[in-house]
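To be precise, the following lines are structure24.cif, and they hold mmCIF, C-alpha atoms.
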```
data_query
loop_
_atom_site.group_PDB
_atom_site.id
_atom_site.type_symbol
_atom_site.label_atom_id
_atom_site.label_comp_id
_atom_site.auth_asym_id
_atom_site.auth_seq_id
_atom_site.Cartn_x
_atom_site.Cartn_y
_atom_site.Cartn_z
ATOM 1 C CA MET A 1 0.000 0.000 0.000
ATOM 2 C CA ARG A 2 1.330 3.459 -0.817
ATOM 3 C CA LEU A 3 0.356 6.609 1.046
ATOM 4 C CA THR A 4 0.444 9.794 -1.108
ATOM 5 C CA HIS A 5 0.268 13.335 0.184
ATOM 6 C CA LEU A 6 -0.345 16.158 -2.255
ATOM 7 C CA MET A 7 0.686 19.703 -1.512
ATOM 8 C CA ILE A 8 -0.776 22.046 -4.131
ATOM 9 C CA ALA A 9 0.301 25.660 -4.743
ATOM 10 C CA ALA A 10 -1.660 27.747 -7.228
ATOM 11 C CA SER A 11 -1.402 31.349 -8.470
ATOM 12 C CA THR A 12 -3.974 33.414 -10.375
ATOM 13 C CA ALA A 13 -3.241 36.674 -12.315
ATOM 14 C CA ALA A 14 -5.831 39.072 -13.774
ATOM 15 C CA VAL A 15 -4.748 41.022 -16.804
ATOM 16 C CA LEU A 16 -6.684 44.147 -17.874
ATOM 17 C CA ALA A 17 -6.173 45.687 -21.345
ATOM 18 C CA ALA A 18 -5.621 49.420 -21.561
ATOM 19 C CA CYS A 19 -8.681 51.327 -22.597
ATOM 20 C CA ALA A 20 -8.634 53.555 -25.704
ATOM 21 C CA PRO A 21 -10.362 56.897 -25.146
ATOM 22 C CA LYS A 22 -13.395 56.114 -27.327
ATOM 23 C CA ALA A 23 -13.452 52.254 -27.226
ATOM 24 C CA PRO A 24 -15.031 50.029 -24.593
ATOM 25 C CA ALA A 25 -12.624 48.296 -22.317
ATOM 26 C CA PRO A 26 -12.188 44.575 -23.121
ATOM 27 C CA GLU A 27 -13.213 42.072 -20.475
ATOM 28 C CA ALA A 28 -10.428 40.938 -18.271
ATOM 29 C CA GLU A 29 -9.259 37.328 -18.851
ATOM 30 C CA ALA A 30 -8.198 35.367 -15.871
ATOM 31 C CA ALA A 31 -5.168 33.207 -16.393
ATOM 32 C CA ALA A 32 -5.858 29.497 -15.857
ATOM 33 C CA PRO A 33 -4.420 28.460 -12.527
ATOM 34 C CA GLU A 34 -1.344 26.307 -12.774
ATOM 35 C CA ALA A 35 -1.038 23.650 -10.110
ATOM 36 C CA GLU A 36 2.316 22.325 -9.113
ATOM 37 C CA ALA A 37 2.076 19.116 -7.174
ATOM 38 C CA THR A 38 4.816 17.844 -4.941
ATOM 39 C CA VAL A 39 4.293 14.105 -4.409
ATOM 40 C CA GLU A 40 5.837 12.350 -1.457
ATOM 41 C CA THR A 41 5.707 8.569 -1.591
ATOM 42 C CA VAL A 42 6.042 6.575 1.593
ATOM 43 C CA GLU A 43 6.490 2.814 1.528
ATOM 44 C CA ALA A 44 4.202 1.103 4.025
ATOM 45 C CA GLU A 45 5.786 -1.494 6.277
ATOM 46 C CA ALA A 46 5.677 -4.953 4.751
ATOM 47 C CA PRO A 47 3.378 -7.321 6.632
ATOM 48 C CA LEU A 48 4.690 -10.324 8.541
ATOM 49 C CA HIS A 49 5.786 -13.027 6.116
ATOM 50 C CA VAL A 50 7.246 -16.486 6.738
ATOM 51 C CA ASP A 51 9.263 -18.539 4.260
ATOM 52 C CA VAL A 52 9.345 -22.304 4.860
ATOM 53 C CA LEU A 53 12.825 -23.683 4.216
ATOM 54 C CA ASP A 54 13.723 -27.278 3.383
ATOM 55 C CA CYS A 55 16.261 -28.241 6.031
ATOM 56 C CA GLY A 56 16.478 -31.931 5.192
ATOM 57 C CA LYS A 57 14.713 -35.265 5.312
ATOM 58 C CA LEU A 58 14.712 -38.109 7.824
ATOM 59 C CA GLU A 59 13.695 -41.599 6.770
ATOM 60 C CA VAL A 60 12.954 -43.729 9.819
ATOM 61 C CA SER A 61 13.194 -47.509 9.445
ATOM 62 C CA ASP A 62 11.433 -48.219 12.754
ATOM 63 C CA MET A 63 9.197 -45.636 14.440
ATOM 64 C CA ASP A 64 9.079 -47.531 17.738
ATOM 65 C CA GLY A 65 11.101 -44.871 19.515
ATOM 66 C CA PHE A 66 8.486 -42.244 18.678
ATOM 67 C CA SER A 67 5.766 -43.737 20.903
ATOM 68 C CA SER A 68 6.157 -44.967 24.459
ATOM 69 C CA ALA A 69 2.855 -46.841 23.974
ATOM 70 C CA GLY A 70 4.589 -49.296 21.667
ATOM 71 C CA ASP A 71 2.053 -48.928 18.859
ATOM 72 C CA TYR A 72 4.564 -47.567 16.314
ATOM 73 C CA ALA A 73 6.849 -50.608 16.470
ATOM 74 C CA GLY A 74 7.822 -51.836 13.018
ATOM 75 C CA GLN A 75 6.338 -48.835 11.222
ATOM 76 C CA THR A 76 8.431 -46.819 8.788
ATOM 77 C CA ASP A 77 7.962 -43.155 7.968
ATOM 78 C CA THR A 78 9.554 -40.198 6.214
ATOM 79 C CA LEU A 79 9.777 -36.972 8.180
ATOM 80 C CA VAL A 80 10.594 -33.599 6.682
ATOM 81 C CA ASP A 81 12.893 -31.189 8.485
ATOM 82 C CA THR A 82 11.853 -27.546 8.197
ATOM 83 C CA CYS A 83 13.216 -24.147 9.167
ATOM 84 C CA TYR A 84 11.341 -20.850 9.063
ATOM 85 C CA LEU A 85 12.490 -17.402 7.967
ATOM 86 C CA VAL A 86 10.228 -14.957 9.792
ATOM 87 C CA ARG A 87 10.358 -11.491 8.225
ATOM 88 C CA HIS A 88 8.882 -8.745 10.385
ATOM 89 C CA PRO A 89 9.044 -4.969 9.790
ATOM 90 C CA LYS A 90 11.346 -4.700 12.817
ATOM 91 C CA GLY A 91 13.714 -7.520 11.928
ATOM 92 C CA ILE A 92 14.257 -11.110 10.841
ATOM 93 C CA LEU A 93 14.032 -14.269 12.962
ATOM 94 C CA LEU A 94 15.246 -17.685 11.827
ATOM 95 C CA TRP A 95 13.380 -20.485 13.609
ATOM 96 C CA ASP A 96 15.308 -23.791 13.742
ATOM 97 C CA LEU A 97 18.511 -24.730 11.944
ATOM 98 C CA GLY A 98 17.876 -28.150 10.428
ATOM 99 C CA LEU A 99 20.283 -30.970 9.680
ATOM 100 C CA PRO A 100 24.065 -30.498 9.386
ATOM 101 C CA GLY A 101 25.171 -28.614 6.292
ATOM 102 C CA MET A 102 27.844 -31.228 5.558
ATOM 103 C CA LEU A 103 25.072 -33.488 4.227
ATOM 104 C CA VAL A 104 24.600 -31.285 1.163
ATOM 105 C CA GLY A 105 25.997 -33.045 -1.897
ATOM 106 C CA ASN A 106 26.918 -36.209 -0.008
ATOM 107 C CA GLY A 107 23.755 -38.243 -0.456
ATOM 108 C CA PRO A 108 21.847 -40.110 2.255
ATOM 109 C CA VAL A 109 23.666 -41.054 5.463
ATOM 110 C CA THR A 110 22.369 -43.846 7.702
ATOM 111 C CA GLN A 111 22.901 -44.094 11.436
ATOM 112 C CA GLY A 112 20.741 -46.450 13.446
ATOM 113 C CA VAL A 113 17.095 -46.141 12.389
ATOM 114 C CA PHE A 114 17.692 -42.762 10.705
ATOM 115 C CA THR A 115 18.685 -42.129 7.108
ATOM 116 C CA VAL A 116 19.186 -38.389 6.715
ATOM 117 C CA SER A 117 19.783 -36.241 3.652
ATOM 118 C CA MET A 118 19.683 -32.609 2.567
ATOM 119 C CA ASP A 119 19.820 -31.078 -0.895
ATOM 120 C CA THR A 120 20.387 -27.371 -0.244
ATOM 121 C CA SER A 121 22.010 -25.455 2.606
ATOM 122 C CA LEU A 122 20.354 -22.689 4.572
ATOM 123 C CA THR A 123 22.717 -20.114 3.087
ATOM 124 C CA GLU A 124 21.810 -21.138 -0.460
ATOM 125 C CA GLN A 125 18.087 -21.004 0.281
ATOM 126 C CA LEU A 126 18.420 -17.621 1.937
ATOM 127 C CA GLY A 127 20.282 -16.361 -1.121
ATOM 128 C CA ALA A 128 17.400 -17.440 -3.347
ATOM 129 C CA LEU A 129 15.198 -15.198 -1.166
ATOM 130 C CA ASN A 130 17.657 -12.286 -1.479
ATOM 131 C CA VAL A 131 18.676 -12.606 2.163
ATOM 132 C CA VAL A 132 22.225 -13.005 3.419
ATOM 133 C CA PRO A 133 22.925 -14.554 6.844
ATOM 134 C CA SER A 134 24.281 -11.262 8.206
ATOM 135 C CA GLU A 135 20.798 -9.757 7.794
ATOM 136 C CA ILE A 136 19.240 -12.227 10.237
ATOM 137 C CA ASP A 137 18.755 -10.443 13.555
ATOM 138 C CA TYR A 138 17.651 -13.373 15.714
ATOM 139 C CA VAL A 139 17.950 -17.144 15.762
ATOM 140 C CA ALA A 140 15.857 -19.397 17.970
ATOM 141 C CA ILE A 141 15.714 -23.185 18.040
ATOM 142 C CA SER A 142 12.698 -25.126 19.211
ATOM 143 C CA HIS A 143 15.189 -27.431 20.956
ATOM 144 C CA SER A 144 18.748 -28.630 20.738
ATOM 145 C CA HIS A 145 18.510 -32.006 18.961
ATOM 146 C CA PHE A 146 20.789 -32.688 15.977
ATOM 147 C CA ASP A 147 18.090 -32.026 13.373
ATOM 148 C CA HIS A 148 17.328 -28.535 14.715
ATOM 149 C CA THR A 149 20.852 -27.198 15.322
ATOM 150 C CA GLY A 150 22.773 -28.526 12.329
ATOM 151 C CA GLN A 151 23.591 -25.286 10.480
ATOM 152 C CA VAL A 152 24.445 -22.986 13.354
ATOM 153 C CA ASP A 153 27.794 -22.336 11.667
ATOM 154 C CA GLN A 154 25.993 -20.380 8.930
ATOM 155 C CA ILE A 155 24.352 -17.720 11.138
ATOM 156 C CA GLN A 156 27.111 -16.699 13.539
ATOM 157 C CA GLY A 157 26.303 -12.979 13.360
ATOM 158 C CA SER A 158 22.782 -13.335 14.789
ATOM 159 C CA THR A 159 21.554 -13.012 18.366
ATOM 160 C CA TRP A 160 20.565 -16.371 19.840
ATOM 161 C CA LEU A 161 17.283 -16.257 21.768
ATOM 162 C CA VAL A 162 17.290 -19.100 24.305
ATOM 163 C CA ASN A 163 15.598 -19.948 27.589
ATOM 164 C CA GLN A 164 17.673 -20.884 30.620
ATOM 165 C CA LYS A 165 16.503 -24.505 30.804
ATOM 166 C CA GLU A 166 17.519 -25.349 27.233
ATOM 167 C CA LYS A 167 20.799 -23.487 27.554
ATOM 168 C CA ASP A 168 21.615 -25.408 30.744
ATOM 169 C CA ALA A 169 20.875 -28.702 28.960
ATOM 170 C CA MET A 170 23.385 -27.737 26.268
ATOM 171 C CA PHE A 171 25.918 -26.164 28.636
ATOM 172 C CA PRO A 172 25.476 -27.675 32.122
ATOM 173 C CA PRO A 173 26.348 -25.078 34.779
ATOM 174 C CA ASP A 174 28.558 -27.596 36.582
ATOM 175 C CA GLY A 175 30.787 -27.908 33.533
ATOM 176 C CA SER A 176 29.828 -31.510 32.787
ATOM 177 C CA ALA A 177 29.140 -32.859 29.314
ATOM 178 C CA PRO A 178 25.789 -32.033 27.675
ATOM 179 C CA TYR A 179 22.963 -34.557 27.674
ATOM 180 C CA ASP A 180 24.234 -35.828 24.297
ATOM 181 C CA PRO A 181 28.042 -35.596 24.291
ATOM 182 C CA SER A 182 28.149 -36.231 20.540
ATOM 183 C CA LEU A 183 26.503 -32.837 20.033
ATOM 184 C CA ALA A 184 29.103 -30.931 22.064
ATOM 185 C CA PRO A 185 30.980 -29.696 18.933
ATOM 186 C CA THR A 186 27.708 -28.360 17.490
ATOM 187 C CA PHE A 187 26.739 -26.730 20.774
ATOM 188 C CA ALA A 188 30.169 -25.095 20.970
ATOM 189 C CA MET A 189 29.329 -23.066 17.865
ATOM 190 C CA PHE A 190 26.528 -21.341 19.800
ATOM 191 C CA SER A 191 28.987 -20.045 22.416
ATOM 192 C CA PRO A 192 30.513 -17.150 20.402
ATOM 193 C CA MET A 193 27.091 -15.826 19.419
ATOM 194 C CA GLU A 194 25.480 -12.905 21.176
ATOM 195 C CA GLN A 195 22.927 -14.483 23.505
ATOM 196 C CA GLN A 196 19.671 -13.219 24.959
ATOM 197 C CA LEU A 197 17.996 -15.211 27.700
ATOM 198 C CA ILE A 198 14.222 -15.211 27.303
ATOM 199 C CA ASP A 199 11.297 -16.009 29.593
ATOM 200 C CA ASP A 200 8.826 -18.877 29.310
ATOM 201 C CA GLU A 201 6.903 -16.721 26.836
ATOM 202 C CA TYR A 202 8.708 -14.103 24.778
ATOM 203 C CA ASP A 203 7.270 -11.560 22.350
ATOM 204 C CA VAL A 204 10.122 -11.229 19.849
ATOM 205 C CA PHE A 205 9.146 -7.934 18.197
ATOM 206 C CA GLY A 206 6.936 -6.506 20.940
ATOM 207 C CA ASP A 207 3.644 -6.476 19.032
ATOM 208 C CA GLY A 208 2.291 -9.983 19.661
ATOM 209 C CA THR A 209 2.847 -11.250 16.120
ATOM 210 C CA VAL A 210 5.822 -13.531 16.857
ATOM 211 C CA VAL A 211 5.842 -15.238 20.257
ATOM 212 C CA ILE A 212 8.122 -18.025 21.488
ATOM 213 C CA PHE A 213 6.499 -20.080 24.241
ATOM 214 C CA GLN A 214 7.865 -23.017 26.188
ATOM 215 C CA THR A 215 6.447 -26.505 25.718
ATOM 216 C CA PRO A 216 8.951 -28.535 27.777
ATOM 217 C CA GLY A 217 9.240 -32.289 27.897
ATOM 218 C CA HIS A 218 10.836 -33.290 24.625
ATOM 219 C CA THR A 219 13.896 -31.488 26.001
ATOM 220 C CA PRO A 220 14.071 -29.449 29.229
ATOM 221 C CA GLY A 221 13.426 -26.121 27.504
ATOM 222 C CA HIS A 222 11.639 -27.177 24.326
ATOM 223 C CA SER A 223 9.643 -24.328 22.777
ATOM 224 C CA SER A 224 7.017 -23.712 20.113
ATOM 225 C CA LEU A 225 6.296 -20.620 18.013
ATOM 226 C CA GLN A 226 3.108 -18.571 17.746
ATOM 227 C CA LEU A 227 2.562 -16.403 14.673
ATOM 228 C CA MET A 228 -0.222 -13.940 13.939
ATOM 229 C CA MET A 229 -0.284 -13.838 10.143
ATOM 230 C CA PRO A 230 -2.055 -11.155 8.076
ATOM 231 C CA GLU A 231 -3.933 -13.724 5.959
ATOM 232 C CA SER A 232 -3.909 -17.012 7.897
ATOM 233 C CA GLY A 233 -4.496 -15.547 11.337
ATOM 234 C CA ALA A 234 -3.017 -17.447 14.277
ATOM 235 C CA VAL A 235 -0.522 -20.177 13.380
ATOM 236 C CA LEU A 236 1.338 -22.434 15.818
ATOM 237 C CA LEU A 237 4.573 -24.213 14.888
ATOM 238 C CA THR A 238 4.953 -27.271 17.096
ATOM 239 C CA GLY A 239 8.686 -27.782 17.172
ATOM 240 C CA ASP A 240 8.936 -31.457 18.151
ATOM 241 C CA LEU A 241 6.020 -31.456 20.569
ATOM 242 C CA TYR A 242 4.555 -33.724 17.876
ATOM 243 C CA HIS A 243 6.419 -35.469 15.052
ATOM 244 C CA ARG A 244 3.482 -36.709 12.948
ATOM 245 C CA LYS A 245 -0.263 -36.152 12.821
ATOM 246 C CA GLU A 246 -0.923 -39.472 14.613
ATOM 247 C CA SER A 247 1.207 -38.235 17.506
ATOM 248 C CA ARG A 248 -1.116 -35.293 17.966
ATOM 249 C CA GLU A 249 -4.319 -37.275 17.520
ATOM 250 C CA LEU A 250 -3.238 -40.003 19.968
ATOM 251 C CA LYS A 251 -1.020 -37.879 22.285
ATOM 252 C CA ARG A 252 1.940 -40.163 21.700
ATOM 253 C CA VAL A 253 5.192 -39.336 23.489
ATOM 254 C CA PRO A 254 8.552 -40.507 22.108
ATOM 255 C CA ARG A 255 10.515 -42.883 24.281
ATOM 256 C CA PHE A 256 13.532 -40.580 24.018
ATOM 257 C CA ASN A 257 11.795 -37.519 25.461
ATOM 258 C CA PHE A 258 13.380 -35.896 28.488
ATOM 259 C CA ASP A 259 10.176 -36.060 30.580
ATOM 260 C CA GLU A 260 6.999 -37.828 29.444
ATOM 261 C CA ALA A 261 4.714 -36.380 32.118
ATOM 262 C CA GLU A 262 5.898 -32.854 31.357
ATOM 263 C CA THR A 263 5.368 -33.493 27.645
ATOM 264 C CA LEU A 264 1.731 -34.426 28.242
ATOM 265 C CA VAL A 265 1.198 -31.248 30.274
ATOM 266 C CA SER A 266 2.737 -29.244 27.417
ATOM 267 C CA MET A 267 0.469 -30.956 24.890
ATOM 268 C CA ASP A 268 -2.601 -29.963 26.905
ATOM 269 C CA ALA A 269 -1.412 -26.358 27.226
ATOM 270 C CA PHE A 270 -0.580 -26.205 23.522
ATOM 271 C CA GLU A 271 -4.001 -27.509 22.494
ATOM 272 C CA ALA A 272 -5.725 -25.050 24.843
ATOM 273 C CA ARG A 273 -3.791 -22.215 23.212
ATOM 274 C CA ALA A 274 -4.645 -23.464 19.731
ATOM 275 C CA GLU A 275 -8.346 -23.628 20.606
ATOM 276 C CA ARG A 276 -8.337 -20.211 22.275
ATOM 277 C CA LEU A 277 -6.718 -18.586 19.249
ATOM 278 C CA GLY A 278 -8.505 -20.664 16.623
ATOM 279 C CA ALA A 279 -5.004 -21.390 15.358
ATOM 280 C CA LYS A 280 -3.766 -23.418 12.433
ATOM 281 C CA VAL A 281 -1.283 -25.979 13.789
ATOM 282 C CA ILE A 282 1.748 -26.929 11.707
ATOM 283 C CA ILE A 283 3.667 -30.053 12.751
ATOM 284 C CA GLN A 284 7.159 -29.240 11.552
ATOM 285 C CA HIS A 285 8.109 -32.835 10.639
ATOM 286 C CA GLU A 286 4.774 -33.794 9.037
ATOM 287 C CA PRO A 287 4.807 -33.781 5.203
ATOM 288 C CA ASP A 288 1.003 -33.481 5.094
ATOM 289 C CA ASP A 289 1.277 -30.179 6.985
ATOM 290 C CA ILE A 290 4.281 -28.811 5.114
ATOM 291 C CA GLU A 291 3.596 -29.608 1.451
ATOM 292 C CA PRO A 292 0.343 -27.582 1.176
ATOM 293 C CA LEU A 293 2.183 -24.466 2.368
ATOM 294 C CA LYS A 294 4.151 -24.345 -0.899
ATOM 295 C CA GLY A 295 7.071 -22.675 0.797
ATOM 296 C CA GLU A 296 5.392 -19.842 2.682
ATOM 297 C CA ILE A 297 2.969 -18.838 5.404
ATOM 298 C CA ARG A 298 1.037 -15.623 4.801
#
```
Take the structure in this file and express it as structure tokens.
Amino acid sequence: MRLTHLMIAASTAAVLAACAPKAPAPEAEAAAPEAEATVETVEAEAPLHVDVLDCGKLEVSDMDGFSSAGDYAGQTDTLVDTCYLVRHPKGILLWDLGLPGMLVGNGPVTQGVFTVSMDTSLTEQLGALNVVPSEIDYVAISHSHFDHTGQVDQIQGSTWLVNQKEKDAMFPPDGSAPYDPSLAPTFAMFSPMEQQLIDDEYDVFGDGTVVIFQTPGHTPGHSSLQLMMPESGAVLLTGDLYHRKESRELKRVPRFNFDEAETLVSMDAFEARAERLGAKVIIQHEPDDIEPLKGEIR
């Protein structure tokens, strides 16, 4: 939308012909007013916009670990891994960091029940959107698992928004190893970043449109993201509170969660929020939720 202000200056001159002694005076002709318009164009602030980035794929040969009820045993599934570029008039937030960038160009890699792959790095996808990593003001991860922290090396100039519980899980105050020692080299790349500790619920830009809220249980400080979009209205990104639509329908908790009871409490609070807001829920690993978005949330 453009706002235009017109400032108009006009001048009018009356010209009278000289009268001959014996001839009637001609009627005066008024000069047509000339308007000079000075136009000032002001660009309106762009509305909140979210780009959905492809941050990899996880093929799971046995989903048993994703349900403590045991009803996923023997099932296979393909999970997408997504990151979100949140562009707000006051800045840019990158939500989640996907699989490790070293996967790009190296084909699928299998470890245990997971076969992971990624075609394009975050930096390349940002470039296609005319964004360079140095323009990203804030980074926040839903949690610190390997498939949400993998490309931290590409956004070192951003401010990391993190709650105390998740930071302590990554960097125990007593100096001991993190909950997953194999992730220590990845976690170390968060250390040089400017860090901002946030509360259980944090309004990123101060206007209620982008809110990080804790949903602990999957990890100690797991969080989800609330968006108030100009077209879609309220949208909730789950993080890994749920991994697939069946997990939400059946309230299934992965065996590898930090705290099952706390996860169930978070699920109830999340669903109450979704109902209160009339929100669209997007499960970040669920292809059926991601594919219809066609790369963006409006």
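Contact shell of A:Gln111 at 12 Å (all atoms listed in the file; same-chain neighbours under 2 positions omitted): Leu58, Glu59, Val60, Ser61, Pro108, Val109, Val113, Phe114, Thr115, Val116 and Ser117 of chain A.
Here atom CA of A:Asp203 and atom CA of A:Ser134 stand 22.1 Å from one another.
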Residue neighbourhood A:Ile155, 9 Å, all atoms listed in the file, exclusion window fewer than 4 positions, as number ranges by chain: A: 123, 133-134, 136, 139, 151, 193
Answer key for the PyMOL selection byres ((chain A and resi 234) around 7), residues as a ChimeraX atom specification: /A:227-229,232-233,235-236,277-280
Exercise: stretch 83-85 of chain A partners within 10 Å, all atoms listed in the file, chain neighbours under 4 positions left out, as a VMD selection string: chain A and resid 49 to 56 92 to 99 122 126 129 131 136 139 141 148 237 239 284 295 to 297
Counting only C-alpha atoms, the residue of A:Asp147, A:Gln214, A:Pro287, A:Asp77 that sits nearest A:Tyr202: A:Gln214
